[in-house]
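Trainee: One file is attached below, query_5.cif, containing mmCIF, C-alpha atoms.
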```
data_query
#
loop_
_atom_site.label_atom_id
_atom_site.label_comp_id
_atom_site.auth_asym_id
_atom_site.auth_seq_id
_atom_site.Cartn_x
_atom_site.Cartn_y
_atom_site.Cartn_z
CA MET A 29 334.39 113.76 168.91
CA CYS A 30 337.43 113.70 166.63
CA ARG A 31 337.68 111.30 163.69
CA CYS A 32 340.27 109.12 165.48
CA ARG A 33 338.07 108.83 168.53
CA ARG A 34 335.07 107.85 166.39
CA LEU A 35 337.19 105.20 164.65
CA VAL A 36 338.24 103.73 167.98
CA VAL A 37 334.66 103.65 169.22
CA THR A 38 333.54 101.96 165.98
CA LEU A 39 336.28 99.34 166.21
CA VAL A 40 335.46 98.62 169.85
CA TRP A 41 331.79 98.22 168.96
CA LEU A 42 332.60 95.85 166.09
CA LEU A 43 334.80 93.74 168.36
CA MET A 44 332.09 93.62 171.00
CA ARG A 45 329.51 92.58 168.42
CA ALA A 46 331.87 89.89 167.08
CA ALA A 47 332.41 88.57 170.60
CA ASP A 48 328.67 88.64 171.31
CA LEU A 49 327.95 86.79 168.09
CA ALA A 50 330.57 84.17 168.93
CA TYR A 51 328.86 83.66 172.30
CA ARG A 52 325.46 83.33 170.65
CA ARG A 53 326.78 80.77 168.17
CA ALA A 54 328.57 78.78 170.86
CA THR A 55 325.41 78.67 172.99
CA LEU A 56 323.33 77.60 170.01
CA GLU A 57 325.81 74.83 169.17
CA VAL A 58 325.56 73.49 172.72
CA VAL A 59 321.77 73.38 172.49
CA VAL A 60 321.93 71.69 169.07
CA SER A 61 324.45 69.12 170.33
CA GLN A 62 322.20 68.25 173.25
CA ALA A 63 319.23 67.85 170.94
CA GLN A 64 321.23 65.57 168.64
CA GLU A 65 322.47 63.56 171.62
CA ASP A 66 318.94 62.97 172.89
CA LEU A 67 317.63 62.06 169.45
CA GLY A 68 320.65 59.85 168.82
CA GLY A 69 320.07 57.89 172.00
CA LEU A 70 316.52 57.12 170.96
CA TRP A 71 317.62 56.27 167.41
CA ARG A 72 320.18 53.77 168.68
CA SER A 73 317.59 52.17 170.95
CA LEU A 74 315.30 51.64 167.95
CA LEU A 75 317.86 50.02 165.67
CA SER A 76 317.01 46.56 166.94
CA ASP A 77 313.33 47.08 166.05
CA PRO A 78 311.78 46.60 162.60
CA VAL A 79 312.65 49.56 160.42
CA GLU A 80 308.99 50.57 160.16
CA ARG A 81 308.78 50.92 163.94
CA ALA A 82 312.04 52.86 164.06
CA ALA A 83 310.76 55.22 161.39
CA ALA A 84 307.50 55.75 163.26
CA GLY A 85 309.47 56.50 166.41
CA MET A 86 311.50 59.15 164.62
CA ARG A 87 308.40 60.76 163.16
CA GLU A 88 307.24 61.32 166.74
CA ALA A 89 310.62 62.12 168.26
CA VAL A 90 312.01 64.65 165.79
CA PRO A 91 309.18 67.21 166.23
CA ALA A 92 309.21 66.73 170.01
CA VAL A 93 312.98 67.10 170.38
CA ALA A 94 313.09 70.04 167.98
CA GLU A 95 310.34 71.84 169.86
CA VAL A 96 311.89 71.39 173.32
CA TYR A 97 315.43 72.35 172.36
CA GLY A 98 314.22 74.90 169.86
CA ALA A 99 312.39 76.71 172.65
CA ALA A 100 315.69 76.94 174.54
CA ALA A 101 317.44 78.26 171.41
CA ALA A 102 314.72 80.87 170.90
CA GLU A 103 314.91 81.99 174.53
CA ASN A 104 318.70 82.36 174.29
CA ALA A 105 318.32 84.36 171.07
CA ALA A 106 315.81 86.72 172.68
CA ILE A 107 318.11 87.31 175.66
CA TRP A 108 321.07 87.88 173.32
CA TYR A 109 319.01 90.29 171.25
CA GLU A 110 318.18 92.43 174.25
CA ASP A 111 321.76 92.32 175.52
CA VAL A 112 323.24 93.76 172.30
CA ARG A 113 320.68 96.55 171.84
CA PRO A 114 322.29 100.01 172.10
CA ALA A 115 322.19 101.82 175.40
CA GLY A 116 319.52 104.49 175.32
CA ALA A 117 317.44 102.78 172.64
CA PRO A 118 313.64 102.90 173.02
CA ARG A 119 312.35 100.26 175.40
CA PHE A 120 311.69 96.95 173.68
CA GLU A 121 311.19 93.43 175.00
CA ALA A 122 312.30 90.71 172.60
CA ARG A 123 309.88 87.82 172.15
CA VAL A 124 310.53 84.20 171.25
CA TYR A 125 309.12 82.79 168.00
CA ARG A 126 308.43 79.36 166.52
CA PRO A 127 309.65 78.75 162.96
CA VAL A 128 307.26 77.56 160.26
CA SER A 129 309.68 74.68 159.62
CA LEU A 130 308.57 73.09 162.90
CA ALA A 131 305.25 72.23 161.25
CA GLU A 132 307.22 70.27 158.64
CA ALA A 133 309.21 68.27 161.19
CA GLU A 134 307.28 65.03 160.81
CA GLY A 135 307.63 65.07 157.04
CA LEU A 136 311.32 65.91 157.31
CA ALA A 137 311.77 62.97 159.69
CA THR A 138 310.12 60.67 157.15
CA TRP A 139 312.58 61.83 154.49
CA ALA A 140 315.54 61.61 156.88
CA VAL A 141 314.93 58.03 157.96
CA SER A 142 314.26 56.68 154.46
CA PRO A 143 317.84 55.36 153.87
CA ALA A 144 317.25 52.92 156.73
CA PHE A 145 314.74 51.02 154.58
CA ALA A 146 317.67 50.15 152.30
CA GLY A 147 319.82 49.15 155.26
CA ASP A 148 321.75 52.42 155.46
CA THR A 149 321.22 53.32 159.11
CA ALA A 150 324.31 55.53 159.15
CA GLY A 151 322.97 57.57 156.25
CA ALA A 152 319.63 57.86 158.01
CA TRP A 153 321.28 59.18 161.14
CA THR A 154 323.28 61.76 159.17
CA ARG A 155 320.01 63.07 157.79
CA LEU A 156 318.26 62.96 161.17
CA ALA A 157 321.07 64.84 162.89
CA GLY A 158 321.09 67.50 160.16
CA THR A 159 317.33 67.83 160.27
CA VAL A 160 317.13 68.40 164.01
CA GLN A 161 320.06 70.83 163.79
CA ARG A 162 318.21 72.98 161.28
CA LEU A 163 314.92 72.84 163.16
CA VAL A 164 316.52 73.90 166.44
CA ALA A 165 318.63 76.62 164.80
CA ASP A 166 315.56 77.92 162.98
CA HIS A 167 314.11 78.92 166.37
CA ASP A 168 317.13 81.15 166.95
CA ARG A 169 316.94 82.61 163.45
CA VAL A 170 313.24 83.41 163.37
CA THR A 171 313.41 84.96 166.82
CA VAL A 172 316.01 87.48 165.65
CA GLU A 173 314.37 88.09 162.27
CA GLU A 174 310.91 88.71 163.71
CA ASN A 175 312.09 90.95 166.54
CA VAL A 176 313.94 93.14 164.03
CA THR A 177 310.66 93.85 162.25
CA LYS A 178 309.09 95.11 165.49
CA ASP A 179 311.99 96.80 167.24
CA PRO A 180 311.89 100.62 166.76
CA ALA A 181 315.68 100.72 167.23
CA ALA A 182 316.47 98.26 164.41
CA TRP A 183 316.58 98.97 160.69
CA GLY A 184 317.20 95.48 159.30
CA TRP A 185 319.26 92.32 159.39
CA ARG A 186 321.75 90.42 157.29
CA ARG A 187 322.59 86.76 157.08
CA ARG A 188 326.03 86.10 158.53
CA ALA A 189 327.94 83.00 157.45
CA SER A 190 330.79 81.29 159.26
CA ALA A 191 334.33 81.78 157.95
CA ASP A 192 334.37 78.19 156.63
CA ALA A 193 330.94 78.41 154.98
CA CYS A 194 329.92 76.48 151.91
CA ALA A 195 329.63 78.40 148.64
CA TYR A 196 325.83 78.58 148.90
CA CYS A 197 325.90 80.16 152.36
CA ALA A 198 328.65 82.58 151.34
CA TYR A 199 326.58 83.68 148.34
CA MET A 200 323.41 84.13 150.39
CA ALA A 201 325.36 86.21 152.90
CA VAL A 202 327.18 88.64 150.63
CA VAL A 203 325.23 88.98 147.38
CA LEU A 204 322.68 91.55 148.49
CA ASP A 205 321.25 92.46 145.07
CA GLN A 206 319.17 89.30 144.82
CA PRO A 207 315.44 89.77 144.17
CA ASP A 208 313.72 89.94 147.57
CA TYR A 209 316.95 89.55 149.52
CA GLU A 210 315.34 88.70 152.88
CA THR A 211 313.38 85.80 151.37
CA ALA A 212 316.50 84.41 149.73
CA ALA A 213 318.58 84.96 152.86
CA ARG A 214 316.16 82.86 154.93
CA LYS A 215 316.89 79.71 152.93
CA TYR A 216 318.99 77.64 155.31
CA HIS A 217 320.05 73.99 154.95
CA ASP A 218 320.84 71.11 157.27
CA ASP A 219 324.04 71.68 159.29
CA CYS A 220 324.02 75.35 158.23
CA ARG A 221 325.73 77.64 160.74
CA CYS A 222 324.44 80.91 159.26
CA VAL A 223 322.53 83.24 161.56
CA PRO A 224 320.78 86.57 161.01
CA VAL A 225 322.45 89.59 162.62
CA MET A 226 320.48 92.79 163.12
CA ALA A 227 321.60 96.36 162.64
CA PHE A 228 320.36 99.27 164.72
CA HIS A 229 319.85 102.86 163.62
CA GLY A 230 323.17 104.64 163.44
CA GLN A 231 325.08 101.38 163.16
CA GLN A 232 326.15 99.02 160.40
CA VAL A 233 326.17 95.23 160.39
CA PRO A 234 329.78 94.01 160.78
CA GLU A 235 331.32 92.70 157.57
CA GLN A 236 331.32 89.01 156.78
CA PRO A 237 334.56 87.18 157.67
CA ASN A 238 335.57 86.70 154.00
CA GLU A 239 333.24 89.21 152.39
CA ARG A 240 335.68 90.79 149.93
CA GLU A 241 337.14 87.45 148.84
CA TRP A 242 333.71 85.88 148.42
CA LEU A 243 332.38 88.78 146.37
CA ASP A 244 335.47 88.75 144.17
CA VAL A 245 335.22 85.05 143.33
CA PHE A 246 331.47 85.26 142.59
CA ASP A 247 332.12 88.20 140.24
CA LYS A 248 334.97 86.26 138.65
CA ALA A 249 332.74 83.20 138.20
CA ARG A 250 330.13 85.31 136.39
CA ASP A 251 332.78 86.85 134.15
CA VAL A 252 334.33 83.47 133.28
CA ILE A 253 330.95 81.94 132.41
CA ASP A 254 330.02 84.97 130.33
CA ALA A 255 333.33 84.90 128.44
CA GLU A 256 333.17 81.16 127.76
CA ARG A 257 329.58 81.09 126.59
CA LYS A 258 330.20 83.77 123.96
CA LYS A 259 332.59 81.32 122.29
CA LEU A 260 330.05 78.49 122.12
CA PRO A 261 328.83 77.42 118.68
CA GLY A 262 325.63 79.25 117.81
CA TRP A 263 325.50 81.25 121.03
CA ASN A 264 324.98 84.55 119.24
CA THR A 265 322.35 83.21 116.84
CA LEU A 266 320.26 81.03 119.14
CA LYS A 267 317.18 82.44 120.86
CA ARG A 268 317.26 82.72 124.65
CA HIS A 269 315.17 79.61 125.31
CA GLU A 270 317.25 77.66 122.79
CA ARG A 271 320.46 78.71 124.55
CA SER A 272 319.02 77.69 127.91
CA LYS A 273 318.08 74.26 126.57
CA LYS A 274 321.31 73.58 124.69
CA TYR A 275 323.77 75.11 127.16
CA PRO A 276 322.13 74.98 130.62
CA GLU A 277 325.49 75.05 132.44
CA TYR A 278 326.32 78.41 130.85
CA GLN A 279 323.28 80.31 132.13
CA LEU A 280 324.06 82.98 134.73
CA THR A 281 322.10 81.26 137.49
CA THR A 282 323.02 81.00 141.14
CA LYS A 283 323.59 77.27 140.70
CA ASN A 284 326.07 77.75 137.86
CA ILE A 285 327.87 80.66 139.51
CA LEU A 286 328.35 78.63 142.70
CA ALA A 287 329.54 75.58 140.78
CA ARG A 288 332.17 77.67 139.01
CA ALA A 289 333.21 79.52 142.19
CA ARG A 290 333.81 76.22 143.99
CA ARG A 291 336.32 75.29 141.29
CA LEU A 292 337.94 78.70 140.91
CA GLU A 293 338.76 79.11 144.61
CA PRO A 294 338.21 75.76 146.36
CA ASP A 295 340.05 76.84 149.52
CA LEU A 296 337.50 79.59 150.16
CA PHE A 297 334.59 77.22 150.66
CA ARG A 298 333.83 74.17 152.76
CA ASP A 299 332.58 72.41 149.63
CA GLY A 300 335.33 73.62 147.29
CA VAL A 301 336.02 71.36 144.30
CA ARG A 302 339.52 70.65 143.07
CA ALA A 303 340.36 69.42 139.59
CA VAL A 304 341.14 65.73 139.34
CA THR A 305 344.73 65.20 138.27
#
```
Could you render the structure as structure tokens?

Mentor:
Amino acid sequence: MCRCRRLVVTLVWLLMRAADLAYRRATLEVVVSQAQEDLGGLWRSLLSDPVERAAAGMREAVPAVAEVYGAAAAENAAIWYEDVRPAGAPRFEARVYRPVSLAEAEGLATWAVSPAFAGDTAGAWTRLAGTVQRLVADHDRVTVEENVTKDPAAWGWRRRASADACAYCAYMAVVLDQPDYETAARKYHDDCRCVPVMAFHGQQVPEQPNEREWLDVFDKARDVIDAERKKLPGWNTLKRHERSKKYPEYQLTTKNILARARRLEPDLFRDGVRAVT
């Protein structure tokens, strides 16, 4: 096959994978929306009750709703996984998996509903909706992640963020030289739209939507912090622990790099920060 033909085949495959991923995400969002709608209906019905009773109701409802809709999300992920496997790959049947976060659902519900005790029912619902979103989406994520480890045709997975991701998700998706990348890449948050995408032997995971731009701004953030801290009084004479204590915002940590990136290129991230004029 000539080079041009190979390029066309590669581009077609990337487009197909992008379309498949869009379908998976859209399906997952429908399942999450239905879970939030069911939980929201119960939450509204409990608002006239004493807050203690409403909280108790949510501690029961959140795990139950997350488990039912999460099972649907996991089943959809398993079907999607099998559908995108390469033709001719060794036979493999994708299984559904339950995330470890499901065991934490009751405790997460307790945290989520706590603003209601101060009269902030809207704040409580924001937390509840985000909690059930993450729990349901975790079923999709763990199903893909675990099947990759058992599928003879797969060599790994990468976290894929949405084009309008927050700085944290963008960093988790594109900075691959983190210690124990897969552990770091599994750290999702409420309302996070990141999903793991597998790669099969002979194929590469499609690039992130803003991969080059994200990498550039994270590198720039590190360089800016490094340049500024060298000008700080005593930076070159203080011991490492003394620097960390006196200038915590100038340590090259993920937290500081993300904070600087949000300000350097606010339009790149959902949580970009603009200077106050």

Trainee: With all atoms listed in the file as the basis for distance, which of A:Asn175, A:Ser142, A:Thr265, A:Gln161 is at the shortest distance from Pro224 in chain A?

Mentor: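 Of the candidates, the smallest distance to Pro224 in chain A is held by A:Asn175.
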
Trainee: Please expand the PyMOL selection byres ((chain A and resi 127-131) around 7) into the concrete residues it hits in this file, giving the result as an NGL selection string.

Mentor: :A and (91 or 125-126 or 132-133 or 163 or 166-167 or 170)

Trainee: By how many Å are CA of Ala106 in chain A and CA of Thr171 in chain A apart?

Mentor: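 These atoms are spaced 6.6 Å apart.
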
Trainee: Would you kindly return, as a PyMOL selection string, each protein, DNA or RNA residue with an atom no farther than 10 Å from any atom of range 285-294 of chain A, considering all atoms listed in the file and excluding same-chain residues fewer than 5 positions away?

Mentor: chain A and resi 194-196+198-199+241-242+244-253+277-280+299-303

Trainee: Between A:Ala105, A:Ala255, A:Ala227, A:Ala82, single out the one closest to Pro143 in chain A, counting all atoms listed in the file.

Mentor: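 The closest residue to Pro143 in chain A is A:Ala82.
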
Trainee: Let me know the residues the PyMOL selection byres ((chain A and resi 233) around 10) catches in the file above, as a PyMOL selection string.

Mentor: chain A and resi 42+45+184-188+225-228+231-232+234-236

Trainee: How many Å lie between CA of Phe297 in chain A and CA of Thr282 in chain A, rounded to one decimal?

Mentor: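 These two atoms are separated by 15.5 Å.
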
Trainee: CA of Asn238 in chain A and CA of Thr55 in chain A, how far apart in Å?

Mentor: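 CA of Thr55 in chain A sits 23.0 Å away from CA of Asn238 in chain A.
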
Trainee: Ranking A:Leu49, A:Ala157, A:Leu56, A:Val141 by minimum distance to Leu74 in chain A and counting only C-alpha atoms, which one comes first?

Mentor: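 Ranking A:Leu49, A:Ala157, A:Leu56, A:Val141 by distance to Leu74 in chain A, first place goes to A:Val141.
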
Trainee: Looking at all atoms listed in the file, which of A:Asp254, A:Glu65, A:Asp179, A:Glu210 is the one that sits closest to Pro114 in chain A?

Mentor: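 So, comparing all the options, the nearest one is A:Asp179.
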
Trainee: Could you spell out the hits of the PyMOL selection byres ((chain A and resi 145) around 12) on the shown file, as a ChimeraX atom specification?

Mentor: /A:75,78-83,138-144,146-152

Trainee: Have a look at A:Ile107, A:Val124, A:Ala89, A:Arg162 and name the one nearest to Ser61 in chain A; count all atoms listed in the file.

Mentor: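 Distance minimum relative to Ser61 in chain A lands on A:Arg162.
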
Trainee: May I ask which of the residues A:Leu243, A:Ala101, A:Ala115, A:Ala122 is the closest one to Val202 in chain A, counting all atoms listed in the file?

Mentor: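 Nearest to Val202 in chain A: A:Leu243.
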
Trainee: Would you kindly return, as a PyMOL selection string, each protein, DNA or RNA residue with an atom no farther than 10 Å from any atom of Gly262 in chain A, considering all atoms listed in the file and excluding same-chain residues fewer than 6 positions away?

Mentor: chain A and resi 270-271+274

Trainee: Keeping C-alpha atoms for every residue in the selection just given, could you write it to a file as an mmCIF file, keeping the file's coordinate frame?

Mentor:
```cif
data_model
loop_
_atom_site.group_PDB
_atom_site.id
_atom_site.type_symbol
_atom_site.label_atom_id
_atom_site.label_comp_id
_atom_site.auth_asym_id
_atom_site.auth_seq_id
_atom_site.Cartn_x
_atom_site.Cartn_y
_atom_site.Cartn_z
ATOM 1 C CA GLU A 270 317.250 77.660 122.790
ATOM 2 C CA ARG A 271 320.460 78.710 124.550
ATOM 3 C CA LYS A 274 321.310 73.580 124.690
#
```
